[in-house]
Amino acid sequence: MSPQMIDRLLHGLLDTLTMVGASALVALAAGVPIAVLLVLTAPDGLSPAPRINRTLAAVVNGFRATPFIVLLVALLPLTRLVTGTTIGVWAAIVPLSISATPFFARIAEVSLREVDAGLIEAAQAMGCRRRQIVRHVLLPEALPGIVGGFTITVVTMIGASAMAGAVGAGGLGDLAIRYGYQRFDTTVMAAVIVVLIALVCVVQFAGDVAVRRLSAR
């Protein structure tokens, strides 16, 4: 592989890290509150609100059911409105974030629902308010599961970012398509696959370590 192609590979890796990193932060910041709201407004939640719960669940399920490549195209007007363009790294962050947020929210919701009901009842008996229960009981107890779910979300986003390269988003996916597929350069294709696998392994290892440390506390 030529030095020029190595530079392209490193640049593609940096673009992928930018896309995934920014989108992951958005998914984390929006996904956890959505998960908490779904749990609180459930029929057996601390603040039952069936209409809000059903509406929010329908929106989350709708975005989850839409394939990423379809969502990528459907959100082009919004992407142009937010970033001023429909191609490039920053343009890809919009659909990546919107796709990852409901996915992560559902995983976080499952972790929150698995918190021992006895702990919540004990907190209520001690006079804790709803906000205190969420902050000091639900989130700390569900944190290992939330971190594990976030790791899965980031790994999924790495694959989606490569898919986004097919429509000019940049990154490793764009490099694999333009040089590996269209120019029939199997060396570039193999290099991109190796880098993606290594990236996924690093993310999964870091997530597993974090979950083990949190579970041991």
# chains A, B, ... in the order shown; residues from 1 in each chain; ligands from 1
>>> residues_around(residues="segment 168-172 of chain A", least_positions_apart="3", cutoff="6 Å", atoms="only C-alpha atoms", output="ChimeraX atom specification")
/A:12-13,15-16,87-89,92,162,164-165,175
>>> closest_residue(among="A:Leu96, A:Leu40, A:Leu75, A:Val137", to="Ala123 of chain A", atoms="only C-alpha atoms")
A:Val137
>>> residues_around(residues="Ala57 of chain A", least_positions_apart="6", cutoff="12 Å", atoms="only C-alpha atoms", output="mmCIF file with all heavy atoms, in the first residue's frame")
data_model
loop_
_atom_site.group_PDB
_atom_site.id
_atom_site.type_symbol
_atom_site.label_atom_id
_atom_site.label_comp_id
_atom_site.auth_asym_id
_atom_site.auth_seq_id
_atom_site.Cartn_x
_atom_site.Cartn_y
_atom_site.Cartn_z
ATOM 1 N N ILE A 34 -34.806 9.926 27.485
ATOM 2 C CA ILE A 34 -35.945 9.257 26.861
ATOM 3 C C ILE A 34 -36.247 7.941 27.575
ATOM 4 O O ILE A 34 -37.410 7.613 27.842
ATOM 5 C CB ILE A 34 -35.667 9.001 25.362
ATOM 6 C CG1 ILE A 34 -35.633 10.328 24.601
ATOM 7 C CG2 ILE A 34 -36.733 8.083 24.759
ATOM 8 C CD1 ILE A 34 -35.220 10.190 23.152
ATOM 9 N N ALA A 35 -35.202 7.187 27.905
ATOM 10 C CA ALA A 35 -35.384 5.922 28.612
ATOM 11 C C ALA A 35 -36.010 6.149 29.982
ATOM 12 O O ALA A 35 -36.925 5.421 30.395
ATOM 13 C CB ALA A 35 -34.039 5.202 28.752
ATOM 14 N N LEU A 37 -37.887 8.652 30.890
ATOM 15 C CA LEU A 37 -39.274 9.070 30.689
ATOM 16 C C LEU A 37 -40.168 7.878 30.357
ATOM 17 O O LEU A 37 -41.313 7.789 30.843
ATOM 18 C CB LEU A 37 -39.345 10.110 29.584
ATOM 19 C CG LEU A 37 -40.710 10.791 29.351
ATOM 20 C CD1 LEU A 37 -41.185 11.465 30.625
ATOM 21 C CD2 LEU A 37 -40.618 11.793 28.213
ATOM 22 N N LEU A 38 -39.665 6.957 29.546
ATOM 23 C CA LEU A 38 -40.441 5.758 29.215
ATOM 24 C C LEU A 38 -40.719 4.918 30.454
ATOM 25 O O LEU A 38 -41.823 4.375 30.617
ATOM 26 C CB LEU A 38 -39.689 4.922 28.173
ATOM 27 C CG LEU A 38 -39.718 5.428 26.725
ATOM 28 C CD1 LEU A 38 -38.717 4.660 25.871
ATOM 29 C CD2 LEU A 38 -41.116 5.316 26.135
ATOM 30 N N VAL A 39 -39.729 4.822 31.327
ATOM 31 C CA VAL A 39 -39.899 4.025 32.544
ATOM 32 C C VAL A 39 -40.840 4.721 33.527
ATOM 33 O O VAL A 39 -41.719 4.085 34.130
ATOM 34 C CB VAL A 39 -38.526 3.761 33.202
ATOM 35 C CG1 VAL A 39 -38.706 3.117 34.577
ATOM 36 C CG2 VAL A 39 -37.685 2.855 32.315
ATOM 37 N N THR A 41 -43.234 6.934 32.937
ATOM 38 C CA THR A 41 -44.622 7.083 32.472
ATOM 39 C C THR A 41 -45.303 5.758 32.155
ATOM 40 O O THR A 41 -46.462 5.748 31.727
ATOM 41 C CB THR A 41 -44.662 7.969 31.213
ATOM 42 O OG1 THR A 41 -43.850 7.382 30.175
ATOM 43 C CG2 THR A 41 -44.146 9.370 31.515
ATOM 44 N N ALA A 42 -44.610 4.654 32.351
ATOM 45 C CA ALA A 42 -45.213 3.344 32.124
ATOM 46 C C ALA A 42 -46.351 3.115 33.115
ATOM 47 O O ALA A 42 -46.405 3.760 34.171
ATOM 48 C CB ALA A 42 -44.158 2.250 32.267
ATOM 49 N N ALA A 49 -48.380 7.706 32.918
ATOM 50 C CA ALA A 49 -49.003 8.612 31.945
ATOM 51 C C ALA A 49 -49.125 7.835 30.643
ATOM 52 O O ALA A 49 -48.268 7.945 29.760
ATOM 53 C CB ALA A 49 -48.174 9.880 31.757
ATOM 54 N N PRO A 50 -50.177 7.033 30.508
ATOM 55 C CA PRO A 50 -50.305 6.117 29.368
ATOM 56 C C PRO A 50 -50.208 6.798 28.008
ATOM 57 O O PRO A 50 -49.564 6.276 27.096
ATOM 58 C CB PRO A 50 -51.683 5.491 29.584
ATOM 59 C CG PRO A 50 -51.922 5.606 31.050
ATOM 60 C CD PRO A 50 -51.276 6.884 31.463
ATOM 61 N N ARG A 51 -50.844 7.957 27.855
ATOM 62 C CA ARG A 51 -50.826 8.622 26.552
ATOM 63 C C ARG A 51 -49.421 9.068 26.172
ATOM 64 O O ARG A 51 -48.974 8.866 25.041
ATOM 65 C CB ARG A 51 -51.765 9.822 26.568
ATOM 66 C CG ARG A 51 -53.244 9.453 26.644
ATOM 67 C CD ARG A 51 -54.123 10.692 26.548
ATOM 68 N NE ARG A 51 -55.545 10.349 26.593
ATOM 69 C CZ ARG A 51 -56.522 11.232 26.541
ATOM 70 N NH1 ARG A 51 -56.236 12.537 26.444
ATOM 71 N NH2 ARG A 51 -57.776 10.836 26.587
ATOM 72 N N PHE A 63 -38.671 5.110 14.537
ATOM 73 C CA PHE A 63 -37.299 5.366 14.094
ATOM 74 C C PHE A 63 -36.449 4.097 14.141
ATOM 75 O O PHE A 63 -35.596 3.875 13.276
ATOM 76 C CB PHE A 63 -36.654 6.453 14.953
ATOM 77 C CG PHE A 63 -37.043 7.847 14.550
ATOM 78 C CD1 PHE A 63 -37.958 8.577 15.290
ATOM 79 C CD2 PHE A 63 -36.496 8.424 13.415
ATOM 80 C CE1 PHE A 63 -38.324 9.853 14.915
ATOM 81 C CE2 PHE A 63 -36.856 9.708 13.033
ATOM 82 C CZ PHE A 63 -37.769 10.425 13.780
ATOM 83 N N ARG A 64 -36.704 3.251 15.137
ATOM 84 C CA ARG A 64 -35.944 1.998 15.233
ATOM 85 C C ARG A 64 -36.261 1.065 14.070
ATOM 86 O O ARG A 64 -35.399 0.313 13.614
ATOM 87 C CB ARG A 64 -36.263 1.283 16.547
ATOM 88 C CG ARG A 64 -35.601 1.880 17.765
ATOM 89 C CD ARG A 64 -35.872 1.022 18.975
ATOM 90 N NE ARG A 64 -35.352 -0.316 18.794
ATOM 91 C CZ ARG A 64 -35.822 -1.395 19.390
ATOM 92 N NH1 ARG A 64 -36.877 -1.301 20.181
ATOM 93 N NH2 ARG A 64 -35.272 -2.574 19.193
ATOM 94 N N ALA A 65 -37.511 1.101 13.597
ATOM 95 C CA ALA A 65 -37.932 0.186 12.538
ATOM 96 C C ALA A 65 -37.474 0.645 11.160
ATOM 97 O O ALA A 65 -37.514 -0.140 10.205
ATOM 98 C CB ALA A 65 -39.452 0.043 12.546
ATOM 99 N N PRO A 102 -32.892 6.396 19.519
ATOM 100 C CA PRO A 102 -33.957 5.483 19.958
ATOM 101 C C PRO A 102 -33.459 4.067 20.221
ATOM 102 O O PRO A 102 -33.981 3.375 21.100
ATOM 103 C CB PRO A 102 -34.959 5.511 18.792
ATOM 104 C CG PRO A 102 -34.182 5.983 17.620
ATOM 105 C CD PRO A 102 -33.143 6.904 18.167
ATOM 106 N N PHE A 103 -32.446 3.642 19.467
ATOM 107 C CA PHE A 103 -31.861 2.314 19.693
ATOM 108 C C PHE A 103 -31.266 2.231 21.091
ATOM 109 O O PHE A 103 -31.534 1.290 21.848
ATOM 110 C CB PHE A 103 -30.784 2.056 18.631
ATOM 111 C CG PHE A 103 -30.073 0.739 18.782
ATOM 112 C CD1 PHE A 103 -30.641 -0.426 18.300
ATOM 113 C CD2 PHE A 103 -28.837 0.675 19.401
ATOM 114 C CE1 PHE A 103 -29.985 -1.650 18.441
ATOM 115 C CE2 PHE A 103 -28.175 -0.534 19.543
ATOM 116 C CZ PHE A 103 -28.750 -1.701 19.064
ATOM 117 N N ALA A 105 -31.933 4.280 23.589
ATOM 118 C CA ALA A 105 -32.967 4.545 24.585
ATOM 119 C C ALA A 105 -33.679 3.263 25.001
ATOM 120 O O ALA A 105 -33.961 3.063 26.193
ATOM 121 C CB ALA A 105 -33.972 5.554 24.034
ATOM 122 N N ARG A 106 -33.959 2.395 24.041
ATOM 123 C CA ARG A 106 -34.640 1.142 24.368
ATOM 124 C C ARG A 106 -33.739 0.232 25.209
ATOM 125 O O ARG A 106 -34.204 -0.434 26.142
ATOM 126 C CB ARG A 106 -35.036 0.424 23.079
ATOM 127 C CG ARG A 106 -36.321 0.937 22.462
ATOM 128 C CD ARG A 106 -37.494 0.809 23.407
ATOM 129 N NE ARG A 106 -38.776 1.061 22.751
ATOM 130 C CZ ARG A 106 -39.925 1.175 23.384
ATOM 131 N NH1 ARG A 106 -39.975 1.093 24.694
ATOM 132 N NH2 ARG A 106 -41.046 1.398 22.723
ATOM 133 N N GLU A 109 -33.662 1.652 28.632
ATOM 134 C CA GLU A 109 -34.951 1.404 29.281
ATOM 135 C C GLU A 109 -34.992 0.020 29.904
ATOM 136 O O GLU A 109 -35.471 -0.155 31.037
ATOM 137 C CB GLU A 109 -36.083 1.553 28.268
ATOM 138 C CG GLU A 109 -37.456 1.306 28.855
ATOM 139 C CD GLU A 109 -38.524 1.133 27.793
ATOM 140 O OE1 GLU A 109 -38.194 1.149 26.591
ATOM 141 O OE2 GLU A 109 -39.707 0.959 28.171
#
>>> select_by_dssp(residues="segment 19-137 of chain A", states="alpha helix (DSSP H)", output="PyMOL selection string")
chain A and resi 19-40+50-65+68-74+76-83+89-113+117-125+130-133
>>> closest_residue(among="A:Ser47, A:Asn53, A:Ser99, A:Thr153", to="Gly207 of chain A", atoms="only C-alpha atoms")
A:Thr153
